[in-house]
Structures are given as structure tokens and as C-alpha cells.
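**Student:** Input: one structure, supplied below.
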Amino acid sequence: MTHASTASGIYGEILRECVACRAEKIRYWRQKNFHYTENASNKEFHIYRCENCGTGFLNRPPHVKLLQSIYQYSGQALTQSITLEDVLAREEAFPNCTVDAERMSRQAHLINNSGNGRALDIGSGFGFYTQALRKVGYRTVSINPGQYENEVFRNLNGDEPIDVMFEQYEPSEPFGVVMMSQVLEHLLNPDNAIGKVADLLAPGGVLACAVPNYDSFLVKLLGTRDNACLWVPEHVNYFTESGLKALVERNGFKVVKVEQITRIPFNALSKRLRLKGQSAAVVDGWVKSLQAPFIRLMHRFGLGIYINLYAVKK
Ligand SMILES: [Zn+2]
């Protein structure tokens with residue numbers, strides 16, 4: 001990533017308004033640094049926060065070339081290729097993507113009132129969303145720039161995603177469902193992206209999207225320390241529910257359903273405490289039994305880890 005280490009290649013243009021609701025009342029929040037390798041020097045990013053909708057974003061954002069240089073290999077921090085067997089083993093130990101993909105595809109299908117049976121999976125990753133959309137009966141188009149993920153996709157689904165960023169994609173026919181799971185937080189211009197999604201959908205078609213929640217208890221607890229949301233510089237936007245709604249509604253959608261999703265691996269705590277054997281099993285048991293009431297409480301206060309939103313094109 002040597003070409004990214006010159007100052008001119010790191011940052012994009014200064015932002016003057018909120019990426020979600022366009023309010024001009026934005027304020028510096030915190031700083032977060034990143035470095036890809038041990039000996040690379042730190043790159044400094046500033047996080048701004050909108051005083052109207054609460055959404056956060058990097059300002060200045062990373063340069064588009066820096067992001068492209070990262071995403072040509074992986075959109076989820078893979079530093080080397082991974083096999084389908086490894087991905088499936090992970091899913092079996094901690095069902096995550098498969099559960100989300102099935103729930104969101106079923107939900108989108110229920111809401112889709114366009115009569116159009118084509119689905120677009122933007123940022124298709126390992127391919128679980130495409131697989132789930134096909135299971136509910138859709139003909140799919142998948143786009144994803146990451147070579148490592150696309151190889152797993154090929155082995156899972158038997159075909160190839162189109163290897164482009166969404167900004168470069170030029171479709172020929174409309175869709176009934178557009179799936180954007182863990183994508184919007186990566187896009188430098190989410191407003192353009194949602195406008196483009198509106199153009200791609202048939203009237204009555206559905207946008208289903210999932211983003212990390214900037215209001216989540218993890219962000220409140222950990223601040224800029226590593227959490228599902230503030231992952232710099234790959235995540236450039238940090239949405240709140242009201243910011244995400246404003247973004248989508250401004251682009252010709254009616255929001256029909258919003259829900260929060262929180263999933264905590266039951267062994268995360270014992271691992272962090274470096275417990276083994278019997279004591280690990282005891283702590284894992286506590287976490288398992290306390291998880292459901294804890295998650296219900298977090299969701300009641302809007303503090304869940306992910307936001308799922310479904311919106312219909314008017
Ligand atoms: Zn805002």
C-alpha cells in the first residue's frame with residue numbers, strides 16, 4: 001500500500017454537511033488512527049458528528065483511491081484468502097451471516113410489492129445474501145470488488161459476482177429488491193448511492209439495508225476503541241437510526257420497518273478473560289442465560305449493535 005502513504009493519496013475533500021441528513025451543524029467528535037502494518041506510520045482520521053441526526057463520519061474522509069486499494073482484496077479486513085470451509089466452520093460455531101441473510105431476504109420478499117423477481121446484492125461478500133435471495137425465489141445480480149470474498153462466493157454459489165464498486169456499476173434492467181448489508185457505512189457518498197438504488201428499483205420495490213449502529217452500547221462503552229462500528233478507515237459513515245431514515249426518505253423511499261440486531265458470541269467474555277476449562281464453561285453459561293434479557297433492554301433504548309431498515313420505493 002505504498003502509493004497510499006503519500007499525504008495527497010490519503011484524504012478526500014472536506015465535508016461541510018452531514019452525510020445522512022445534510023444538516024450543516026456538524027462538529028468534531030474524536031480522532032482515530034490506523035496503521036496496516038507494524039512498521040507503517042499512523043494515519044490520523046477525524047470523526048465528526050451531526051448535531052441534528054447524530055450520525056458520525058470521517059472528515060476529511062479517506063481518499064477514494066485508498067479505499068479502492070483496500071477493497072480490491074477484501075471488504076472485511078481479510079489480509080489473505082480464506083476457504084469456503086473455514087467460512088462455513090465459523091458460521092457453524094457462531095451462526096451470524098447466514099441468519100441475517102435469511103431473515104433480511106424473507107423480510108424484503110414479504111415487503112416487495114413490485115412484481116419484479118430480480119434482486120441486486122450490493123457488496124455481496126461471501127455470498128450468503130445472494131444464496132438466501134435465491135432460496136426465496138429471486139434471480140440475482142451480485143457486485144463486490146474483493147478478490148478474497150469473491151472466491152468464497154464462487155465456491156458457495158457456483159457463479160461470479162461482478163467485480164466492481166457500486167459507483168461503477170451500470171445495470172440494464174430494474175430490480176424488485178436491493179440488498180445492502182454492511183455497505184452504506186463504507187461508501188464515500190451514501191446520498192448518491194441511495195439515489196442510485198432508487199433509480200434501480202421498480203416502483204413498489206424494496207431496499208433492505210443493514211448498518212452498524214453509532215448509538216450502540218459498544219460505541220458508548222468502548223468509544224473509538226475497536227468495535228463493530230468505528231472501524232477506520234474502511235467505515236467512513238456511522239449511522240444513527242434517525243440519520244439513516246432521513247437519508248433514505250430524502251431519496252424517494254417510504255421506510256416501512258426498522259429493527260435492531262445484537263448478537264454476542266457467548267464465549268467472547270471468557271475469551272477476553274482468558275479463562276479455560278470449567279471456569280470458561282461457567283462464564284459461557286452465564287452469558288448464554290443473561291444474553292436475551294440484556295439484548296432486549298439494549299434494543300428498548302436504541303442501543304443495539306446493528307440497524308436493519310426496509311424501505312419501499314414510492
Ligand atoms: Zn445529520
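A note on labels: chains of the C-alpha cells are A, B, ... as shown, every chain counts residues from 1, and ligands are counted from 1 in their shown order.
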At a cut-off of 8 Å, using only C-alpha atoms, what residues contact Ala108 in chain A? Leave out same-chain residues fewer than 2 positions from it and give the result as a count of residues only.
**Tutor:** 11
**Student:** Using only C-alpha atoms, what does the table of range 25-137 of chain A residues within 9 Å of range 144-160 of chain A look like, with each row giving the shortest atom pair and its distance in Å to one decimal, sorted by chain and ascending number, as a Markdown table?
**Tutor:**
| residue | atom | partner | partner_atom | distance |
| --- | --- | --- | --- | --- |
| A:Gln68 | CA | A:Pro145 | CA | 8.5 |
| A:Ile70 | CA | A:Gly146 | CA | 8.5 |
| A:Tyr71 | CA | A:Gly146 | CA | 5.4 |
| A:Gln72 | CA | A:Gly146 | CA | 4.7 |
| A:Tyr73 | CA | A:Gly146 | CA | 4.4 |
| A:Ser74 | CA | A:Gly146 | CA | 4.3 |
| A:Gly75 | CA | A:Gly146 | CA | 6.0 |
| A:Gln76 | CA | A:Glu149 | CA | 8.6 |
| A:Leu78 | CA | A:Tyr148 | CA | 7.5 |
| A:Thr79 | CA | A:Tyr148 | CA | 8.8 |
| A:Gln80 | CA | A:Tyr148 | CA | 7.2 |
| A:Ser81 | CA | A:Tyr148 | CA | 4.9 |
| A:Ile82 | CA | A:Tyr148 | CA | 6.6 |
| A:Thr83 | CA | A:Val152 | CA | 6.2 |
| A:Leu84 | CA | A:Val152 | CA | 5.1 |
| A:Glu85 | CA | A:Val152 | CA | 8.9 |
| A:Val87 | CA | A:Val152 | CA | 8.1 |
| A:Asp121 | CA | A:Asn144 | CA | 8.6 |
| A:Ile122 | CA | A:Asn144 | CA | 6.7 |
| A:Gly123 | CA | A:Asn144 | CA | 4.6 |
| A:Ser124 | CA | A:Asn144 | CA | 5.5 |
| A:Gly125 | CA | A:Glu149 | CA | 5.2 |
| A:Phe126 | CA | A:Phe153 | CA | 4.7 |
| A:Gly127 | CA | A:Phe153 | CA | 4.7 |
| A:Phe128 | CA | A:Phe153 | CA | 7.9 |
| A:Thr130 | CA | A:Asn157 | CA | 7.9 |
| A:Gln131 | CA | A:Asn157 | CA | 6.5 |
**Student:** Please produce an output containing C-alpha atoms for each residue in the selection, written as a CSV table (one decimal), in the first residue's frame.
**Tutor:**
chain,number,residue,atom,x,y,z
A,68,GLN,CA,-10.2,1.1,-3.6
A,70,ILE,CA,-8.1,-1.9,0.3
A,71,TYR,CA,-11.3,-3.2,-1.2
A,72,GLN,CA,-9.7,-4.9,-4.3
A,73,TYR,CA,-8.8,-7.7,-1.8
A,74,SER,CA,-11.3,-7.6,0.9
A,75,GLY,CA,-14.2,-5.5,2.3
A,76,GLN,CA,-13.9,-7.2,5.7
A,78,LEU,CA,-9.1,-10.2,5.4
A,79,THR,CA,-5.3,-10.0,4.9
A,80,GLN,CA,-5.1,-13.3,3.0
A,81,SER,CA,-7.5,-15.5,1.1
A,82,ILE,CA,-9.8,-17.8,3.1
A,83,THR,CA,-11.6,-21.0,2.1
A,84,LEU,CA,-15.3,-21.7,2.0
A,85,GLU,CA,-14.7,-24.5,4.5
A,87,VAL,CA,-16.1,-19.6,6.5
A,121,ASP,CA,-26.9,-7.9,-3.8
A,122,ILE,CA,-24.6,-4.9,-3.4
A,123,GLY,CA,-21.3,-5.8,-1.6
A,124,SER,CA,-22.1,-9.5,-1.8
A,125,GLY,CA,-19.2,-10.6,0.4
A,126,PHE,CA,-19.0,-14.4,0.9
A,127,GLY,CA,-22.4,-14.8,-0.9
A,128,PHE,CA,-24.8,-15.7,1.9
A,130,THR,CA,-27.3,-14.0,-2.7
A,131,GLN,CA,-27.8,-17.6,-1.7
**Student:** Please return, as a list in words, all residues of range 11-86 of chain A that DSSP assigns to strand (DSSP E or B) on the basis of the backbone.
**Tutor:**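 Assigned to strand (DSSP E or B), within range 11-86 of chain A: Tyr11, Ile26, Arg27, Tyr28, Trp29, Arg30, Gln31, Lys32, Asn33, Phe34, Lys43, Glu44, Phe45, His46, Ile47, Tyr48, Arg49, Cys50, Gly56, Phe57, Leu58 and Pro62 of chain A.
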**Student:** Take the residues from that selection and put them in a file with C-alpha atoms, as a PDB file, in the first residue's frame.
**Tutor:**
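This went into result.pdb:
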ATOM      1  CA  TYR A  11      -7.645  12.134   2.291  1.00  0.00           C
ATOM      2  CA  ILE A  26     -21.548  19.329  12.293  1.00  0.00           C
ATOM      3  CA  ARG A  27     -18.916  19.203  14.983  1.00  0.00           C
ATOM      4  CA  TYR A  28     -15.584  17.483  15.613  1.00  0.00           C
ATOM      5  CA  TRP A  29     -16.086  14.465  17.890  1.00  0.00           C
ATOM      6  CA  ARG A  30     -12.926  12.370  18.216  1.00  0.00           C
ATOM      7  CA  GLN A  31      -9.812  11.216  16.474  1.00  0.00           C
ATOM      8  CA  LYS A  32      -8.902   7.697  15.485  1.00  0.00           C
ATOM      9  CA  ASN A  33      -5.666   6.441  13.954  1.00  0.00           C
ATOM     10  CA  PHE A  34      -4.968   3.405  11.871  1.00  0.00           C
ATOM     11  CA  LYS A  43      -2.660   7.876   9.746  1.00  0.00           C
ATOM     12  CA  GLU A  44      -4.904  10.226  11.612  1.00  0.00           C
ATOM     13  CA  PHE A  45      -8.643  10.473  10.948  1.00  0.00           C
ATOM     14  CA  HIS A  46     -11.100  12.887  12.497  1.00  0.00           C
ATOM     15  CA  ILE A  47     -14.648  11.816  13.258  1.00  0.00           C
ATOM     16  CA  TYR A  48     -17.356  14.495  13.004  1.00  0.00           C
ATOM     17  CA  ARG A  49     -20.839  14.229  14.402  1.00  0.00           C
ATOM     18  CA  CYS A  50     -24.077  15.789  13.123  1.00  0.00           C
ATOM     19  CA  GLY A  56     -20.930  10.410  12.511  1.00  0.00           C
ATOM     20  CA  PHE A  57     -18.481  10.418   9.608  1.00  0.00           C
ATOM     21  CA  LEU A  58     -14.800  10.778   8.812  1.00  0.00           C
ATOM     22  CA  PRO A  62     -10.206   8.781   3.186  1.00  0.00           C
TER      23      PRO A  62
END
**Student:** Please provide as a list in words all residues within 12 Å of Lys245 in chain A, with the sequence filter that same-chain residues fewer than 4 positions apart are discarded (counting only C-alpha atoms).
**Tutor:**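 Once the nearby chain positions are removed, what remains is Ala20, Cys21, Cys53, Gly54, Thr55, Asp191, Ile194, Leu207, Cys209, Val211, Phe239, Thr240, Glu241, Glu249, Arg250, Asn251, Gly252, Phe253, Lys254, Val255, Val256, Lys257, Val258, Ile307, Asn308, Leu309, Tyr310 and Ala311 of chain A.
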**Student:** Kindly export the residues of the current selection with N, CA and C atoms, as a compact mmCIF listing (two decimals), in the first residue's frame.
**Tutor:**
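This went into again_12.txt:
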# COMPACT_ATOMS: atom_id res chain seq x y z
N ALA A 20 -25.76 12.14 6.15
CA ALA A 20 -27.07 11.47 6.20
C ALA A 20 -28.21 12.46 6.01
N CYS A 21 -28.29 13.52 6.85
CA CYS A 21 -29.45 14.41 6.80
C CYS A 21 -29.13 15.76 6.16
N CYS A 53 -28.98 14.84 13.41
CA CYS A 53 -29.42 13.44 13.42
C CYS A 53 -28.46 12.53 14.20
N GLY A 54 -27.32 13.06 14.63
CA GLY A 54 -26.40 12.27 15.44
C GLY A 54 -25.46 11.37 14.67
N THR A 55 -25.60 11.34 13.33
CA THR A 55 -24.72 10.48 12.51
C THR A 55 -23.28 10.99 12.56
N ASP A 191 -25.43 9.42 -0.08
CA ASP A 191 -26.58 10.08 -0.69
C ASP A 191 -26.68 9.70 -2.17
N ILE A 194 -27.77 5.94 -2.44
CA ILE A 194 -29.20 5.66 -2.22
C ILE A 194 -30.04 6.23 -3.37
N LEU A 207 -35.73 -1.62 -0.71
CA LEU A 207 -34.33 -1.53 -0.28
C LEU A 207 -34.25 -2.14 1.11
N CYS A 209 -31.51 -2.68 4.06
CA CYS A 209 -30.12 -2.38 4.39
C CYS A 209 -29.81 -2.58 5.87
N VAL A 211 -26.74 -1.61 8.77
CA VAL A 211 -25.53 -0.84 9.09
C VAL A 211 -25.23 -0.98 10.58
N PHE A 239 -23.90 5.52 11.15
CA PHE A 239 -25.29 5.96 11.13
C PHE A 239 -26.01 5.78 12.45
N THR A 240 -26.93 6.70 12.69
CA THR A 240 -27.94 6.52 13.73
C THR A 240 -29.24 6.18 12.99
N GLU A 241 -30.22 5.70 13.75
CA GLU A 241 -31.48 5.36 13.12
C GLU A 241 -32.11 6.59 12.44
N GLU A 249 -35.38 8.53 3.15
CA GLU A 249 -36.63 9.23 2.82
C GLU A 249 -36.38 10.38 1.84
N ARG A 250 -35.24 11.02 1.96
CA ARG A 250 -34.93 12.12 1.05
C ARG A 250 -34.80 11.64 -0.39
N ASN A 251 -34.52 10.34 -0.57
CA ASN A 251 -34.29 9.80 -1.91
C ASN A 251 -35.49 9.03 -2.48
N GLY A 252 -36.69 9.36 -2.01
CA GLY A 252 -37.89 8.80 -2.64
C GLY A 252 -38.34 7.47 -2.07
N PHE A 253 -37.99 7.19 -0.82
CA PHE A 253 -38.42 5.94 -0.19
C PHE A 253 -39.38 6.22 0.96
N LYS A 254 -40.21 5.20 1.24
CA LYS A 254 -41.01 5.21 2.46
C LYS A 254 -40.45 4.11 3.35
N VAL A 255 -40.01 4.48 4.56
CA VAL A 255 -39.46 3.48 5.48
C VAL A 255 -40.61 2.68 6.07
N VAL A 256 -40.57 1.35 5.93
CA VAL A 256 -41.69 0.54 6.44
C VAL A 256 -41.32 -0.30 7.66
N LYS A 257 -40.04 -0.51 7.89
CA LYS A 257 -39.68 -1.32 9.06
C LYS A 257 -38.23 -1.03 9.46
N VAL A 258 -38.01 -0.86 10.77
CA VAL A 258 -36.65 -0.69 11.29
C VAL A 258 -36.53 -1.62 12.48
N ILE A 307 -28.45 -1.85 12.88
CA ILE A 307 -29.77 -1.37 12.47
C ILE A 307 -30.12 -2.06 11.14
N ASN A 308 -31.30 -2.63 11.07
CA ASN A 308 -31.85 -3.13 9.79
C ASN A 308 -32.99 -2.23 9.39
N LEU A 309 -32.97 -1.78 8.16
CA LEU A 309 -34.04 -0.89 7.69
C LEU A 309 -34.57 -1.40 6.36
N TYR A 310 -35.91 -1.37 6.22
CA TYR A 310 -36.57 -1.76 4.98
C TYR A 310 -37.38 -0.57 4.49
N ALA A 311 -37.19 -0.22 3.22
CA ALA A 311 -37.89 0.94 2.67
C ALA A 311 -38.40 0.61 1.27
**Student:** When you count only C-alpha atoms and all ligand atoms, which of these residues is closest to ligand 1: A:Ala246, A:Val219, A:Ala77, A:Ala119?
**Tutor:**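 The closest residue to ligand 1 is A:Ala246.
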**Student:** Determine, for each residue of range 127-217 of chain A having at least one atom at most 10 Å from an atom of range 260-267 of chain A, the closest pair of atoms and their separation in Å to one decimal, counting only C-alpha atoms; order by chain and ascending number, as a tab-separated table.
**Tutor:**
residue	atom	partner	partner_atom	distance
A:Ala210	CA	A:Ile261	CA	9.2
A:Val211	CA	A:Gln260	CA	9.8
A:Pro212	CA	A:Ile261	CA	9.3
A:Asn213	CA	A:Gln260	CA	8.4
A:Ser216	CA	A:Thr262	CA	9.3
**Student:** Store the residues of this selection in a file with C-alpha atoms, as a tab-separated table (two decimals), in the first residue's frame.
**Tutor:**
chain	number	residue	atom	x	y	z
A	210	ALA	CA	-28.08	-3.16	7.49
A	211	VAL	CA	-25.53	-0.84	9.09
A	212	PRO	CA	-23.69	-0.73	12.43
A	213	ASN	CA	-25.47	1.49	14.95
A	216	SER	CA	-24.88	1.15	20.14
**Student:** Between CA of Asn116 in chain A and CA of Gln182 in chain A, what is the distance, to one decimal in Å?
**Tutor:**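 Separation of CA of Asn116 in chain A and CA of Gln182 in chain A: 23.9 Å.
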**Student:** Give one line per residue of range 169-192 of chain A that approaches range 199-203 of chain A to at most 8 Å, naming the two atoms of the closest pair and their distance in Å to one decimal, counting only C-alpha atoms; sort by chain then ascending residue number and deliver it as a tab-separated table.
**Tutor:**
residue	atom	partner	partner_atom	distance
A:Pro171	CA	A:Leu200	CA	7.6
A:Glu173	CA	A:Leu200	CA	7.6
A:Pro174	CA	A:Leu200	CA	5.1
A:Phe175	CA	A:Leu201	CA	4.8
A:Gly176	CA	A:Ala202	CA	5.8
A:Val177	CA	A:Leu201	CA	7.0
A:Val178	CA	A:Leu201	CA	7.3
